[in-house]
Structures are given as C-alpha cells and as structure tokens.
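**Q** Handing you this structure, nothing more for now.
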Amino acid sequence: MADMNEQMRDEAADEAPGADGPRGSNGHGGANGHGGTDGPGGTDDDAARLRRIASWRQAERTLCRAPMDRSLGEHLASLAADAGTLTDLGRPADIYGDGVVAELEQRVAEVLGMEAVAFFPTGTMAQQVALRCWAGRTGSPVVALHPLAHPEVHERGALGAVSGLRTVHPTSGPRLPTADEVRDFDEPFGTLMLELPLRDAGFVLPTWEELEAVVAAARERDAVVHFDGARLWECATHFGRELPEIAALADSVYVSFYKTLGGISGAALAGPASLIEEARTWRHRYGGQVFQQFPAALFALSGLERELPKLPSYVAQARLVAAALAEGFAEAGAGWFRVHPEPPHTHQFQVWLPYSPDVLSEASVRLAEETGVVLFRKWHPASAGPPGLSFTEVTVTEAGLEWTAADVKAALGAFLKRVAQQE
C-alpha cells in the first residue's frame, strides 16, 4: 500500500500532519486502516468526517494546521507563491526525474550528508526497494524489524507479497530493540530496519548511546542497517545530534516529504551511490518512474526550506503542551490518563483516556465548533488492554507555538466538560 494511499487514509481518518491513519492490522482500525464507508453511497461516517474537517478549518486556535485544514485552492496558491523562491521557474519541467527533482535529490543528499539520493513517489516503494537491494547484496531475504514498524502494520504484507522478503522481530516491547536483543536474536538476518521514531509505540526513540549500541550489534552479525526515517527530520533534538551524524549510523535511510515537512507526497532513499543506482533500476521496475513530479518536488523543497529549521521549536513546544496536559488532567481530577511518552521525544505524542473513541471524538469536535479551539482531533480504540481505552495523537507545529500552559489547561477543562456531558 503506497504512501499516497496512506495520505488518503490520513484525510479519511482526520489525522494530524504526518500521520498514517488508524492502524488496521494491530486492531486500531478496520482492514483498510479506517472504518470508512460501507459502499458507494457512503455512511454517516462521511458526514462525521466532513463535520470534523469543517470544525478544524474554521477554528481560530489549534496546535497544528493539518493538510486537510486547507482547501485544494489554498494548496495550489501556496505552491504558486513559494515556487519562485525555491527554483528557477523558467527552466523546463522535469522529465523522468531530471530538473527540479534532481535538484531536490541533491539538496536531500546535502542535508543528510549521504553520498547519493533517489526520489520516489511513495515511501513504501522506496523502503521496499532498499530492503530488496540489501537482500540481494547480503544474500539474506530476512529483515529484522519491530512488529509495530510501518511495513508490518500499514503495508498489507507487501515485503513478502511483492519482494519475497521475510521479517523477524528481535523484540515485541513498545520500543526499539536493545543491543542485546539484536546481538542474541536466535535467527539470522541480513538487514536490521529501525523506524525512527517508532510511531505506533508513541513516536518513541532510544537514547543516542542506545542507538549506537544497536547499530554496532547488527554490525557484529554482519547485517546492514536501514533507517525507516519517515520522521527522521524531528529526531535531531532528542538525540542532540545533527542529521548527517544520525544518518551516518545507517547504510541507507528513507525519509518522507509529506510527514513532518508538509509536502503533498514523495520520499527519498539515501545511501551509497552504487545502492542508489541499483534502486533507480528497481524504482522503474516497480512503476515509480513517473513522467513529471514537479509539484511534489517543489512542496518538498519548500518543507526543507521552511519547516525543517522550525522543528526544534516544535519539539520544545510539544514538551510544554504534554506537561500542561498531564498537570491539567491531574488538577481536574480526571482519573486515569496517560500522556506518552512523557516528555515527548519528538513534536508528536499520544494521549490515552478510559472512554470510547466516539465519546472523545464528539467532545473534541464540539469543542472546536463551540469555542473555535482544537485541542484533540480523532480518537481511536486501543489495540491492547481492557475494553474502553482510547488514544489520540497530538502534533504540535507552528500554529501551536503561541499556546501557553494556561491555554492548554483551559482548553483541556473545556474538553473534559464536554466529555462529562455525554455520560
């Protein structure tokens, strides 16, 4: 399932920027990642979805402005306004990856400090190609990764069905594997894939020292290391390292342009020149040699220029918001709750409450409609634990930088009031 389909699920699930939508295969959503409609005529889910989006678009205050908060016309106007500052608009449009697409590849190579980069229309394709190439080079079709990693949860078994790869899991804990778990794992594997951050466990990251140790453990087993870095951009603050130093730990890195950076689609695979040359061949075989991709490339360049420098401020503000939420729940006597992780490792984190997702989603949309404030968006049923637990993902971007701790607590109080009204 391609990342473009993910983006459609994002909108169908009303997620924050960069989300993948509710998880299907681990119980967070339907088989397609969302309850969706029952047929061509649609259901009440369609009306509820449109109601939520309308409430978010008209909101005066929000922690983030998600892609679905903007109309198609607004997206096009934004692209037209920025394009002239990003590249020479008098040049010919790209053809099969030259022009502005090649310019984007060079820019990403510089940002990550990697030898070469290839643009892909989807991250799923980029990552499949990388893992397939490494399987051929290592002689092993086995990929070690977390059971909550993107290929295991969001891609409908694509690694096995399309690329003939087999996956194994050094750990099932809600975190990335430790060095000992990698070193002592009882099955051989050729590639270790690490998702940074591990989104479905709560956007969690190891410490820098733990990451170095895990990579070293894989090397001891003669395995290569691939980073699923769809959200690698926001990891630098937690690690206290620049992006080139982080990327240098891996043999290859995939990054997304619509997660975090606000692009419309697209991804990049970075690594040694010989690997990227081989990846371009497989990109063509997989159907990814698209004739023209300049809109996606321009949005990606804009994200690198405008969003990337702001990410440290987003992470810092997410920590303020998370702390204010935890204090607000406790002060309100709300009972059981979780803010996870606390503090957040990136600008995204989870909030858990012991209510049904319908109750919490309704309270969230009523808050937006009645006060013009968006605190939480869509809530989802928990995949584990006792019945009645729900969670949501909170994302903080530029729109949320103006919020104070008092603002967060006030919005939380208004939200909890609307939850209570439904009991």
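Residues in the structure tokens are named by chain (A, B, ... in the order shown) and by number from 1 within that chain; ligands are numbered from 1 in the order shown.
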If you run DSSP on the backbone here, which positions in range 317-399 of chain A get strand (DSSP E)? Please write them as a list of chain:residue names.
**A**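 Listing strand (DSSP E) positions across range 317-399 of chain A yields A:Arg338, A:Val339, A:His340, A:Gln348, A:Phe349, A:Gln350, A:Val351, A:Trp352, A:Leu353, A:Val373, A:Val374, A:His380, A:Pro381, A:Ser390, A:Phe391, A:Thr392, A:Glu393, A:Val394, A:Thr395.
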**Q** Could you list, with a cut-off of 12 Å and counting only C-alpha atoms, the residues of range 196-232 of chain A near range 262-270 of chain A, each shown with its nearest atom pair and the distance in Å rounded to one decimal, rows sorted by chain and ascending number, as a tab-separated table?
**A**
residue	atom	partner	partner_atom	distance
A:His226	CA	A:Ala270	CA	10.0
A:Phe227	CA	A:Ala270	CA	9.9
A:Asp228	CA	A:Leu269	CA	9.7
A:Gly229	CA	A:Leu269	CA	9.6
A:Ala230	CA	A:Ala267	CA	8.1
A:Arg231	CA	A:Ala267	CA	11.0
A:Leu232	CA	A:Ala268	CA	11.8
**Q** Keeping N, CA and C atoms for every residue in the selection just given, could you write it to a file as an mmCIF file, in the first residue's frame?
**A**
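As written to disk, result.cif reads:
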data_model
loop_
_atom_site.group_PDB
_atom_site.id
_atom_site.type_symbol
_atom_site.label_atom_id
_atom_site.label_comp_id
_atom_site.auth_asym_id
_atom_site.auth_seq_id
_atom_site.Cartn_x
_atom_site.Cartn_y
_atom_site.Cartn_z
ATOM 1 N N HIS A 226 19.273 -0.318 8.014
ATOM 2 C CA HIS A 226 18.459 0.627 7.255
ATOM 3 C C HIS A 226 17.553 1.377 8.215
ATOM 4 N N PHE A 227 17.530 2.704 8.088
ATOM 5 C CA PHE A 227 16.650 3.530 8.908
ATOM 6 C C PHE A 227 15.366 3.844 8.148
ATOM 7 N N ASP A 228 14.220 3.445 8.715
ATOM 8 C CA ASP A 228 12.945 3.990 8.274
ATOM 9 C C ASP A 228 12.857 5.352 8.935
ATOM 10 N N GLY A 229 13.297 6.358 8.218
ATOM 11 C CA GLY A 229 13.360 7.705 8.756
ATOM 12 C C GLY A 229 12.275 8.596 8.208
ATOM 13 N N ALA A 230 11.057 8.042 8.034
ATOM 14 C CA ALA A 230 9.947 8.863 7.542
ATOM 15 C C ALA A 230 9.847 10.151 8.336
ATOM 16 N N ARG A 231 10.099 10.038 9.644
ATOM 17 C CA ARG A 231 10.063 11.199 10.534
ATOM 18 C C ARG A 231 11.447 11.492 11.119
ATOM 19 N N LEU A 232 12.475 11.143 10.394
ATOM 20 C CA LEU A 232 13.835 11.364 10.883
ATOM 21 C C LEU A 232 14.108 12.835 11.156
#
**Q** Using only C-alpha atoms, pick whichever of A:Gly271, A:Pro92, A:Pro309, A:Pro174 has the shortest atom-to-atom distance to Ala236 in chain A.
**A** A:Pro309
**Q** List the spatial neighbours of Arg241 in chain A as a list in words - criterion: any atom at most 12 Å away, only C-alpha atoms, same-chain residues fewer than 5 positions off excluded.
**A** Leu112, Thr207, Trp208, Glu209, Leu232, Trp233, Glu234, Cys235, Ala236, Ile246, Ala247, Ala248, Leu249 and Pro312 of chain A
**Q** Would you export the selected residues with N, CA, C and O atoms as a PDB file, in the first residue's frame, please?
**A**
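Output below, filename selection10.pdb:
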ATOM      1  N   LEU A 112      21.338  15.384   4.578  1.00  0.00           N
ATOM      2  CA  LEU A 112      21.599  14.146   5.306  1.00  0.00           C
ATOM      3  C   LEU A 112      23.078  13.764   5.331  1.00  0.00           C
ATOM      4  O   LEU A 112      23.464  12.860   6.081  1.00  0.00           O
ATOM      5  N   THR A 207      17.899   6.342  23.311  1.00  0.00           N
ATOM      6  CA  THR A 207      18.917   7.374  23.503  1.00  0.00           C
ATOM      7  C   THR A 207      19.943   7.240  22.388  1.00  0.00           C
ATOM      8  O   THR A 207      20.002   6.222  21.679  1.00  0.00           O
ATOM      9  N   TRP A 208      20.774   8.242  22.248  1.00  0.00           N
ATOM     10  CA  TRP A 208      21.814   8.179  21.221  1.00  0.00           C
ATOM     11  C   TRP A 208      22.764   7.014  21.489  1.00  0.00           C
ATOM     12  O   TRP A 208      23.133   6.275  20.569  1.00  0.00           O
ATOM     13  N   GLU A 209      23.128   6.840  22.724  1.00  0.00           N
ATOM     14  CA  GLU A 209      24.040   5.756  23.074  1.00  0.00           C
ATOM     15  C   GLU A 209      23.406   4.398  22.801  1.00  0.00           C
ATOM     16  O   GLU A 209      24.072   3.466  22.330  1.00  0.00           O
ATOM     17  N   LEU A 232      12.475  11.143  10.394  1.00  0.00           N
ATOM     18  CA  LEU A 232      13.835  11.364  10.883  1.00  0.00           C
ATOM     19  C   LEU A 232      14.108  12.835  11.156  1.00  0.00           C
ATOM     20  O   LEU A 232      14.890  13.187  12.045  1.00  0.00           O
ATOM     21  N   TRP A 233      13.445  13.689  10.391  1.00  0.00           N
ATOM     22  CA  TRP A 233      13.692  15.125  10.481  1.00  0.00           C
ATOM     23  C   TRP A 233      13.589  15.657  11.910  1.00  0.00           C
ATOM     24  O   TRP A 233      14.357  16.530  12.306  1.00  0.00           O
ATOM     25  N   GLU A 234      12.631  15.145  12.694  1.00  0.00           N
ATOM     26  CA  GLU A 234      12.421  15.693  14.034  1.00  0.00           C
ATOM     27  C   GLU A 234      13.175  14.968  15.127  1.00  0.00           C
ATOM     28  O   GLU A 234      12.960  15.219  16.308  1.00  0.00           O
ATOM     29  N   CYS A 235      14.069  14.042  14.760  1.00  0.00           N
ATOM     30  CA  CYS A 235      14.806  13.252  15.760  1.00  0.00           C
ATOM     31  C   CYS A 235      16.033  13.970  16.311  1.00  0.00           C
ATOM     32  O   CYS A 235      16.578  13.571  17.344  1.00  0.00           O
ATOM     33  N   ALA A 236      16.497  14.981  15.617  1.00  0.00           N
ATOM     34  CA  ALA A 236      17.767  15.610  15.973  1.00  0.00           C
ATOM     35  C   ALA A 236      17.744  16.192  17.384  1.00  0.00           C
ATOM     36  O   ALA A 236      18.737  16.099  18.120  1.00  0.00           O
ATOM     37  N   ILE A 246      23.343  11.468  12.473  1.00  0.00           N
ATOM     38  CA  ILE A 246      22.347  10.412  12.685  1.00  0.00           C
ATOM     39  C   ILE A 246      22.314   9.477  11.480  1.00  0.00           C
ATOM     40  O   ILE A 246      22.374   8.251  11.613  1.00  0.00           O
ATOM     41  N   ALA A 247      22.211  10.058  10.288  1.00  0.00           N
ATOM     42  CA  ALA A 247      22.126   9.246   9.077  1.00  0.00           C
ATOM     43  C   ALA A 247      23.373   8.406   8.861  1.00  0.00           C
ATOM     44  O   ALA A 247      23.300   7.299   8.310  1.00  0.00           O
ATOM     45  N   ALA A 248      24.524   8.899   9.311  1.00  0.00           N
ATOM     46  CA  ALA A 248      25.784   8.191   9.090  1.00  0.00           C
ATOM     47  C   ALA A 248      25.844   6.852   9.817  1.00  0.00           C
ATOM     48  O   ALA A 248      26.656   5.990   9.462  1.00  0.00           O
ATOM     49  N   LEU A 249      24.996   6.653  10.824  1.00  0.00           N
ATOM     50  CA  LEU A 249      24.979   5.362  11.512  1.00  0.00           C
ATOM     51  C   LEU A 249      24.457   4.248  10.612  1.00  0.00           C
ATOM     52  O   LEU A 249      24.790   3.077  10.810  1.00  0.00           O
ATOM     53  N   PRO A 312      13.034  22.083  15.899  1.00  0.00           N
ATOM     54  CA  PRO A 312      13.416  22.133  17.319  1.00  0.00           C
ATOM     55  C   PRO A 312      12.416  22.917  18.171  1.00  0.00           C
ATOM     56  O   PRO A 312      12.127  22.527  19.306  1.00  0.00           O
TER      57      PRO A 312
END
**Q** So that I can check the surroundings of Leu79 in chain A, please list as a ChimeraX atom specification every protein, DNA and RNA residue that reaches within 10 Å of it, counting only C-alpha atoms and ignoring chain neighbours fewer than 6 positions away.
**A** /A:73,295-296,298-299,302
**Q** Please provide the set of residues having any atom within 8 Å of range 278-281 of chain A, restricted to only C-alpha atoms, with same-chain residues fewer than 2 positions apart removed, written as a list in words.
**A** Ala118, Val129, Ala130, Cys133, Ser274, Leu275, Ile276, Arg283, His284 and Arg285 of chain A
**Q** Those selected residues, please, written with N, CA and C atoms and delivered as a short mmCIF file (atom, residue, chain, number, x, y, z; two decimals), in the first residue's frame.
**A**
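What landed in part.cif:
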data_model
loop_
_atom_site.label_atom_id
_atom_site.label_comp_id
_atom_site.auth_asym_id
_atom_site.auth_seq_id
_atom_site.Cartn_x
_atom_site.Cartn_y
_atom_site.Cartn_z
N ALA A 118 17.82 9.14 -4.25
CA ALA A 118 16.84 8.95 -5.32
C ALA A 118 15.46 9.32 -4.81
N VAL A 129 12.23 -1.12 -2.04
CA VAL A 129 13.37 -1.21 -2.94
C VAL A 129 14.67 -1.31 -2.16
N ALA A 130 14.82 -0.49 -1.12
CA ALA A 130 16.04 -0.53 -0.31
C ALA A 130 16.23 -1.91 0.29
N CYS A 133 17.13 -4.50 -2.35
CA CYS A 133 18.53 -4.36 -2.79
C CYS A 133 19.49 -4.94 -1.75
N SER A 274 26.34 3.34 -5.36
CA SER A 274 26.04 2.08 -6.05
C SER A 274 24.67 1.55 -5.67
N LEU A 275 24.29 1.69 -4.40
CA LEU A 275 22.97 1.24 -3.96
C LEU A 275 21.89 2.08 -4.60
N ILE A 276 22.07 3.38 -4.64
CA ILE A 276 21.06 4.28 -5.20
C ILE A 276 20.91 4.05 -6.70
N ARG A 283 13.21 1.06 -8.95
CA ARG A 283 12.13 2.06 -8.96
C ARG A 283 11.36 1.98 -10.27
N HIS A 284 12.10 1.86 -11.37
CA HIS A 284 11.46 1.75 -12.68
C HIS A 284 10.65 0.46 -12.77
N ARG A 285 11.21 -0.64 -12.29
CA ARG A 285 10.51 -1.93 -12.34
C ARG A 285 9.25 -1.94 -11.48
#
**Q** Quick one: everything within 10 Å of Pro357 in chain A, counting only C-alpha atoms, minus sequence neighbours fewer than 3 positions away in the same chain. Send it as a PyMOL selection string.
**A** chain A and resi 353-354+360-363+378-382+388-392
**Q** Hey, what does DSSP flag as alpha helix (DSSP H) within range 27-252 of chain A? Can you give it to me as a ChimeraX atom specification?
**A** /A:44-58,72-86,100-112,123-138,150-154,158-163,179-183,208-220,236-239,243-247
**Q** Near Gly139 in chain A, within 12 Å and counting only C-alpha atoms, which residues show up once chain neighbours fewer than 2 positions away are dropped, as a list in words?
**A**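 That gives Leu131, Arg132, Cys133, Trp134, Ala135, Gly136, Arg137, Pro141, Val142, Val143, Leu165, Pro188, Phe189, Gly190, Thr191, Asp222, Ala223 and Val224 of chain A.
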